[in-house]
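Trainee: Here's a structure for you.
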Amino acid sequence: MNDTPHRLDGAGLLGLPEAARQQHRITKKMLAAQFEDQAPVDARLVTKAVASAQLIGILRPETIQVPEHRGTERTVVDIPVLEVVLADTTTAADRTRVTELIHRSMAKPVVLFALMPDGATTLSLALTHVARTDPTRSTSVIDAHVLVPAGQIEAGALRLDRLDRTDIWALYRDLVRTAAADGRPASSALQADDAITLRRGLTGLEAELTVVVRDAKQAKNQQRRIELNTQARTLRAQIERARGVLYSPDRDHGVT
């Protein structure tokens, strides 16, 4: 039996219209170029961790029929959609770092589909602003970043025609908000940055619960086992509250 996850089609997940679809190879040198002078360690990481990369789409007003965004703080006229295959030899920490570097390497929001060595697809999204200390204004600073296994996102939830179409920056923020909640955000009032904060907090609580449950099973001292089980109940209650704020109640997000 083959347990390798099915490779997901990023363009299909977004429902990209044909006018927005692209098929252009991106060299590793191009991705690493922004870091070669000021951060050569980061440039080497990009070169090592990225097996291949391509542009699979560009969101522009004329390709997705959504207006550009021009505000006092930022201007967004287009959003590239990238697909990156990560090398087998990289660690989980390096994979997270390299997705952040790709977001930082451009002066615009980026939709990034990262194909993991096990075949799974992870969606990487970041709320960014153009780096004010960069004289070329060609790189970004990350305000918030989220990684979401694409396979667990509600089917159809990321389609562009279902997102906020006020302008292209509103659409991207709605994409972030929706993805951070696995496609089922609890409320239309939930903002993108709040959704990321909740998602990260929930992930941390779930990781902590896993450790506490493991330690409780291994504890030989009864009093210590009682203390750990009490801690686990507290964590489960916190997880339930966090899920209630992040997720729509009509989806099963049971506590384990």
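Chain labels follow the order of the structure tokens: the first chain is A, the next B, and so on; residue numbering restarts at 1 in every chain, and ligands are counted from 1 in their shown order.
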Give me every helix (DSSP H, G or I) residue in region 88-189 of chain A, going by DSSP on the backbone, as a PyMOL selection string.
Mentor: chain A and resi 92-104+150-152+160-162+168-180
Trainee: Atoms to include: C-alpha atoms. Write the selected residues as a compact mmCIF listing (two decimals), in the first residue's frame.
Mentor:
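Dumped everything to selection_16.txt:
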# COMPACT_ATOMS: atom_id res chain seq x y z
CA ALA A 92 11.74 20.76 9.25
CA ALA A 93 13.22 23.94 10.71
CA ASP A 94 15.07 24.68 7.47
CA ARG A 95 11.89 24.15 5.47
CA THR A 96 10.05 26.71 7.59
CA ARG A 97 12.96 29.12 7.32
CA VAL A 98 13.24 28.83 3.55
CA THR A 99 9.53 29.56 3.04
CA GLU A 100 9.99 32.71 5.14
CA LEU A 101 12.98 33.71 3.04
CA ILE A 102 10.99 33.35 -0.17
CA HIS A 103 8.30 35.67 1.22
CA ARG A 104 10.99 38.15 2.26
CA ALA A 150 -3.03 22.00 2.09
CA GLY A 151 -4.65 18.58 2.29
CA GLN A 152 -6.60 19.44 5.43
CA LEU A 160 -10.57 33.14 -5.40
CA ASP A 161 -14.21 33.65 -6.35
CA ARG A 162 -15.20 32.85 -2.74
CA ILE A 168 -6.24 42.44 -4.30
CA TRP A 169 -4.83 43.10 -0.79
CA ALA A 170 -8.23 42.38 0.80
CA LEU A 171 -8.37 39.15 -1.22
CA TYR A 172 -4.92 38.08 0.01
CA ARG A 173 -5.77 38.82 3.64
CA ASP A 174 -8.98 36.82 3.29
CA LEU A 175 -6.96 33.96 1.80
CA VAL A 176 -4.67 34.08 4.86
CA ARG A 177 -7.62 34.21 7.27
CA THR A 178 -9.37 31.31 5.57
CA ALA A 179 -6.28 29.10 5.25
CA ALA A 180 -5.24 29.67 8.88
Trainee: Between A:Asp78, A:Asp42, A:Gly119, A:Lys108, which has the minimum distance to Asp9 (chain A) (counting only C-alpha atoms)?
Mentor: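 Answer, going by the shortest atom-to-atom distance: A:Gly119.
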Trainee: From the options A:Thr197, A:Gln218, A:Gln34, A:Ser248, which residue's atoms come nearest to Leu127 (chain A), counting only C-alpha atoms?
Mentor: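 When distances to Leu127 (chain A) are compared using only C-alpha atoms, the smallest one comes from A:Thr197.
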Trainee: Using only C-alpha atoms, pick whichever of A:Gly183, A:Lys220, A:Arg241, A:Asn229 has the shortest atom-to-atom distance to Leu205 (chain A).
Mentor: A:Arg241
Trainee: Restricting the calculation to only C-alpha atoms, which member of A:Leu235, A:Leu8, A:Leu198, A:Ala114 is positioned closest to Ala144 (chain A)?
Mentor: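 Among the listed residues, the smallest separation from Ala144 (chain A) belongs to A:Leu198.
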Trainee: Please identify all polymer residues within 12 Å of Gln22 (chain A), counting only C-alpha atoms, omitting same-chain residues fewer than 3 positions from it, and present them as a list of chain:residue names.
Mentor: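 The residues that qualify are A:Gly10, A:Ala11, A:Leu16, A:Pro17, A:Glu18, A:Ala19, A:Arg25, A:Ile26, A:Gln54, A:Leu55, A:Ile56, A:Gly57, A:Ile58, A:Leu59, A:Thr63, A:Pro80, A:Val81, A:Leu82, A:Glu83.
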Trainee: Output N, CA and C atoms for every residue in that selection, as a short mmCIF file (atom, residue, chain, number, x, y, z; two decimals), in the first residue's frame.
Mentor:
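In the end it all went to out_19.cif:
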data_model
loop_
_atom_site.label_atom_id
_atom_site.label_comp_id
_atom_site.auth_asym_id
_atom_site.auth_seq_id
_atom_site.Cartn_x
_atom_site.Cartn_y
_atom_site.Cartn_z
N GLY A 10 -1.91 23.33 -6.80
CA GLY A 10 -2.08 24.64 -6.19
C GLY A 10 -2.99 25.55 -6.99
N ALA A 11 -2.81 25.57 -8.30
CA ALA A 11 -3.66 26.42 -9.15
C ALA A 11 -5.12 25.99 -9.05
N LEU A 16 -7.70 29.13 -10.01
CA LEU A 16 -7.12 30.17 -10.87
C LEU A 16 -7.74 30.13 -12.26
N PRO A 17 -8.23 31.26 -12.75
CA PRO A 17 -8.69 31.28 -14.14
C PRO A 17 -7.51 31.10 -15.09
N GLU A 18 -7.80 30.65 -16.28
CA GLU A 18 -6.72 30.39 -17.24
C GLU A 18 -5.85 31.61 -17.47
N ALA A 19 -6.46 32.79 -17.46
CA ALA A 19 -5.69 34.02 -17.72
C ALA A 19 -4.64 34.27 -16.66
N ARG A 25 9.73 28.40 -15.07
CA ARG A 25 10.72 27.93 -14.11
C ARG A 25 11.42 29.12 -13.46
N ILE A 26 11.68 29.01 -12.15
CA ILE A 26 12.42 30.03 -11.42
C ILE A 26 13.71 29.37 -10.94
N GLN A 54 8.87 27.00 -9.53
CA GLN A 54 8.25 27.57 -10.72
C GLN A 54 7.13 28.53 -10.35
N LEU A 55 6.91 29.46 -11.24
CA LEU A 55 5.78 30.38 -11.13
C LEU A 55 4.59 29.70 -11.78
N ILE A 56 3.50 29.50 -11.00
CA ILE A 56 2.33 28.82 -11.56
C ILE A 56 1.14 29.76 -11.77
N GLY A 57 1.31 31.01 -11.34
CA GLY A 57 0.22 31.96 -11.55
C GLY A 57 0.60 33.36 -11.11
N ILE A 58 -0.12 34.36 -11.63
CA ILE A 58 0.03 35.74 -11.18
C ILE A 58 -1.37 36.33 -11.04
N LEU A 59 -1.65 36.82 -9.84
CA LEU A 59 -2.94 37.46 -9.60
C LEU A 59 -2.80 38.94 -9.93
N THR A 63 -6.30 39.66 -14.67
CA THR A 63 -6.39 38.21 -14.77
C THR A 63 -7.42 37.60 -13.83
N PRO A 80 2.32 37.01 -7.00
CA PRO A 80 2.77 35.78 -7.65
C PRO A 80 2.33 34.53 -6.86
N VAL A 81 2.08 33.47 -7.59
CA VAL A 81 1.77 32.17 -6.99
C VAL A 81 2.91 31.24 -7.37
N LEU A 82 3.64 30.76 -6.37
CA LEU A 82 4.81 29.94 -6.61
C LEU A 82 4.61 28.52 -6.12
N GLU A 83 5.30 27.61 -6.76
CA GLU A 83 5.35 26.21 -6.32
C GLU A 83 6.82 25.85 -6.18
#
Trainee: Mind the document's chain letters and residue numbers, and return as a VMD selection string the residues of region 100-179 of chain A that DSSP labels strand (DSSP E).
Mentor: chain A and resid 111 to 115 121 to 130 140 to 149
Trainee: Just checking: using only C-alpha atoms, which residue out of A:Ala232, A:Ala39, A:Met116, A:Ile226 ends up closest to Thr210 (chain A)?
Mentor: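 Residue with the minimum atom-to-atom distance to Thr210 (chain A): A:Ala232.
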Trainee: What's the separation between CA of His145 (chain A) and CA of Glu240 (chain A), in Å to one decimal place?
Mentor: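 Calculated distance between CA of His145 (chain A) and CA of Glu240 (chain A) is 22.9 Å.
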Trainee: For Ala33 (chain A), list every protein, DNA or RNA residue within 12 Å, evaluated using only C-alpha atoms, and leave out those in the same chain fewer than 2 positions away; present the list as a VMD selection string.
Mentor: chain A and resid 26 to 31 35 to 47 101 to 102 104 to 106 138 to 139
Trainee: Write the residues you've just listed into a file as a PDB file, in the first residue's frame, and include C-alpha atoms for each of them.
Mentor:
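Everything below was put into again-v2.pdb:
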ATOM      1  CA  ILE A  26      12.421  30.030 -11.417  1.00  0.00           C
ATOM      2  CA  THR A  27      16.106  29.414 -10.787  1.00  0.00           C
ATOM      3  CA  LYS A  28      17.434  28.926  -7.271  1.00  0.00           C
ATOM      4  CA  LYS A  29      19.898  31.721  -7.975  1.00  0.00           C
ATOM      5  CA  MET A  30      17.009  34.101  -8.575  1.00  0.00           C
ATOM      6  CA  LEU A  31      15.413  33.197  -5.230  1.00  0.00           C
ATOM      7  CA  PHE A  35      20.421  37.492   0.303  1.00  0.00           C
ATOM      8  CA  GLU A  36      23.813  36.921  -1.309  1.00  0.00           C
ATOM      9  CA  ASP A  37      25.378  40.196  -0.161  1.00  0.00           C
ATOM     10  CA  GLN A  38      23.805  40.861   3.245  1.00  0.00           C
ATOM     11  CA  ALA A  39      22.941  37.321   4.394  1.00  0.00           C
ATOM     12  CA  PRO A  40      25.055  34.698   2.582  1.00  0.00           C
ATOM     13  CA  VAL A  41      23.999  31.999   5.071  1.00  0.00           C
ATOM     14  CA  ASP A  42      20.384  32.522   4.018  1.00  0.00           C
ATOM     15  CA  ALA A  43      21.379  32.476   0.360  1.00  0.00           C
ATOM     16  CA  ARG A  44      23.106  29.129   0.878  1.00  0.00           C
ATOM     17  CA  LEU A  45      20.071  27.741   2.673  1.00  0.00           C
ATOM     18  CA  VAL A  46      17.786  28.666  -0.218  1.00  0.00           C
ATOM     19  CA  THR A  47      20.189  27.033  -2.666  1.00  0.00           C
ATOM     20  CA  LEU A 101      12.982  33.712   3.042  1.00  0.00           C
ATOM     21  CA  ILE A 102      10.993  33.349  -0.165  1.00  0.00           C
ATOM     22  CA  ARG A 104      10.989  38.148   2.262  1.00  0.00           C
ATOM     23  CA  SER A 105      12.693  38.040  -1.128  1.00  0.00           C
ATOM     24  CA  MET A 106       9.889  39.961  -2.866  1.00  0.00           C
ATOM     25  CA  SER A 138      12.671  45.133  -3.373  1.00  0.00           C
ATOM     26  CA  THR A 139      12.313  42.986  -0.235  1.00  0.00           C
TER      27      THR A 139
END
Trainee: Could you tell me how far CA of Gln65 (chain A) lies from CA of Thr128 (chain A), in Å and to one decimal?
Mentor: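 So the answer is 23.0 Å.
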